[in-house]
Amino acid sequence: MTHRINLALQGGGAHGAYTWGVLDRLLDEDDLEIAAITGTSAGALNGAAFKAGMAANGREGARAELDRLWSRMGAVTDMRLPAWMAGNLSLTGQFARAIEYSFPYTLADTVSRMTSPYAYGPFYTNPLRAVVDDFDYAKVCGQGGPDLFICATNVRTGKIRVFSDEAITTDAILASACLPTLFQAVEITDPDTGRTEAYWDGGYTGNPALFPLFTPGYPEDVVIVNINPLERDEIPKSPQAIQNRINEISFNSSLLRELRAIEFVQRLIAHGNVPKGTMRDVHVHLVSDDELMRELSVATKLLPNPYLLNRLKAAGRLSAERFLEESRQHIGKRSSVDLRAMFG
C-alpha cells in the first residue's frame, strides 16, 4: 500500500542540511509518495533539488540532486563571515558558543547591524546565486515529481507570496532565502500587474506556509521538517543567546499560527460543529531534533562547512528513521502530533 504525504520544509540556513538527511531517508521507502512540498529558504532549495531530481530520474535522481546541492553549499564561503571560519570549524555545542563569542564573528555581526548590504554598491553579489542558478528549471517547474511551493515575504506589504509552477525561478528561490541584514532584497516583476516588488526571506511570514497543501486532491497528511527549536528551557541572558532566541521565535511564529488554526479546525470537526467535508481534517506529523538544534545557534546557520553539513545530514536520517518507526502507522489515519497539548 502506498502512503501519500505532503512535506513542509523549514528554512534555517546551513541547518537545512538536516532536512537533506530526512529526505535522503524517506527516499528509501518505496511505498511513501511525496505529493507536494512547501518550502522556505533552505527548505526551498531542498524542495527544488528534490523535485528536479525526481523529474529526471525518480528516487535516485532526487537523492543525487540533493547530494549535489549540499556539496555545492559546502563550497560556499562568502556568507558575510571570514573565510577561515567558514572552512575550518567543527560541530559541538561548545564550539557553536565559541563562534558566537569569537572576535571575527562578533565583528561581522556588528557590522551587519550597522551597515546595509547595499553599501557594497556595484561589488555586491549574492553568494547563493551560482548554486541556485544551477537548478534545471524545466524540471523544477515541470509536471514530474511533487508539486512545489516556495514562500517569500513582500517587503512593501509585509504579506507572504507563494511561488509555484513557472513562477519558480532563481530569483524566487533567492527571495525565499533573503535575510535582509545580509543580502539585498530580491526584486521580481509580477507579470499580471507589471509591478516590481522587493522580497525578503519567507521565514518572516511562512516558515513554511502550510495552506498551499490544503488544496483538494492532496493527501491530508503533512510532515513538517522542523529545524528551529520550538522550546528552550533556559532564559537567554547573553546578547548572543538573546539574539539567537529572537531569531528562533521569529522564524517559528508563522508556523505556530497555522498549526493553532489546524488544531481549532480539528476540534470543530471532532465536536461535529461543522458539516463533514466542509473543512479539511489535516493530519500533522513532525520530524525534528530539538536537542541537537538547541546546541547550535544563528551563528552556525551561516557556516556551510562540509563537516557541519554532514553531521546534520546524519542527524536528519536518524530523525526520519525514528519518525518512520514511531509514526508511520498513523499516516492516513490521524495526526501523530498532539496539537491540543502543544497549545494547551
# chains A, B, ... in the order shown; residues from 1 in each chain; ligands from 1

$ closest_atom_pairs --of "segment 93-208 of chain A" --to "segment 212-225 of chain A" --cutoff "10 Å" --atoms "only C-alpha atoms" --output "JSON lines"
{"residue": "A:Asp147", "atom": "CA", "partner": "A:Leu213", "partner_atom": "CA", "distance": 9.5}
{"residue": "A:Leu148", "atom": "CA", "partner": "A:Pro212", "partner_atom": "CA", "distance": 9.4}
{"residue": "A:Phe149", "atom": "CA", "partner": "A:Pro212", "partner_atom": "CA", "distance": 7.3}
{"residue": "A:Ile150", "atom": "CA", "partner": "A:Pro212", "partner_atom": "CA", "distance": 9.8}
{"residue": "A:Val162", "atom": "CA", "partner": "A:Pro212", "partner_atom": "CA", "distance": 8.2}
{"residue": "A:Ser164", "atom": "CA", "partner": "A:Pro212", "partner_atom": "CA", "distance": 9.8}
{"residue": "A:Pro208", "atom": "CA", "partner": "A:Ile224", "partner_atom": "CA", "distance": 8.8}

$ write_last_selection --atoms "N, CA and C atoms" --output "PDB file, in the first residue's frame"
ATOM      1  N   ASP A 147       4.370  18.494  -6.566  1.00  0.00           N
ATOM      2  CA  ASP A 147       4.121  19.929  -6.738  1.00  0.00           C
ATOM      3  C   ASP A 147       4.974  20.685  -5.725  1.00  0.00           C
ATOM      4  N   LEU A 148       5.418  21.880  -6.118  1.00  0.00           N
ATOM      5  CA  LEU A 148       6.346  22.641  -5.274  1.00  0.00           C
ATOM      6  C   LEU A 148       5.830  24.052  -5.052  1.00  0.00           C
ATOM      7  N   PHE A 149       5.894  24.502  -3.795  1.00  0.00           N
ATOM      8  CA  PHE A 149       5.504  25.853  -3.425  1.00  0.00           C
ATOM      9  C   PHE A 149       6.641  26.488  -2.627  1.00  0.00           C
ATOM     10  N   ILE A 150       6.997  27.710  -2.985  1.00  0.00           N
ATOM     11  CA  ILE A 150       8.121  28.397  -2.352  1.00  0.00           C
ATOM     12  C   ILE A 150       7.634  29.726  -1.785  1.00  0.00           C
ATOM     13  N   VAL A 162       3.496  33.113  -2.344  1.00  0.00           N
ATOM     14  CA  VAL A 162       3.840  31.726  -2.613  1.00  0.00           C
ATOM     15  C   VAL A 162       4.042  31.568  -4.117  1.00  0.00           C
ATOM     16  N   SER A 164       4.816  29.210  -7.422  1.00  0.00           N
ATOM     17  CA  SER A 164       4.611  27.831  -7.864  1.00  0.00           C
ATOM     18  C   SER A 164       4.726  27.773  -9.378  1.00  0.00           C
ATOM     19  N   PRO A 208       7.440  26.844   6.907  1.00  0.00           N
ATOM     20  CA  PRO A 208       6.900  27.322   5.628  1.00  0.00           C
ATOM     21  C   PRO A 208       5.394  27.512   5.741  1.00  0.00           C
TER      22      PRO A 208
END

$ residues_around --residues "Asp30 of chain A" --least-positions-apart "5" --cutoff "10 Å" --atoms "only C-alpha atoms" --output "list in words"
Met1, Thr2, His3 and Arg59 of chain A

$ write_last_selection --atoms "N, CA and C atoms" --output "mmCIF file, in the first residue's frame"
data_model
loop_
_atom_site.group_PDB
_atom_site.id
_atom_site.type_symbol
_atom_site.label_atom_id
_atom_site.label_comp_id
_atom_site.auth_asym_id
_atom_site.auth_seq_id
_atom_site.Cartn_x
_atom_site.Cartn_y
_atom_site.Cartn_z
ATOM 1 N N MET A 1 0.845 -1.198 0.000
ATOM 2 C CA MET A 1 0.000 0.000 0.000
ATOM 3 C C MET A 1 0.878 1.246 0.000
ATOM 4 N N THR A 2 0.571 2.170 -0.890
ATOM 5 C CA THR A 2 1.328 3.415 -0.977
ATOM 6 C C THR A 2 0.720 4.467 -0.065
ATOM 7 N N HIS A 3 1.562 5.103 0.738
ATOM 8 C CA HIS A 3 1.127 6.197 1.600
ATOM 9 C C HIS A 3 1.546 7.516 0.955
ATOM 10 N N ARG A 59 13.619 8.361 -7.648
ATOM 11 C CA ARG A 59 14.182 8.477 -6.304
ATOM 12 C C ARG A 59 15.702 8.642 -6.319
#

$ residues_around --residues "segment 314-322 of chain A" --least-positions-apart "2" --cutoff "6 Å" --atoms "only C-alpha atoms" --output "ChimeraX atom specification"
/A:18-19,21-22,25,311-312,324-325

$ residues_around --residues "Val186 of chain A" --least-positions-apart "6" --cutoff "6 Å" --atoms "only C-alpha atoms" --output "list of chain:residue names"
A:Ala175, A:Ala198, A:Tyr199
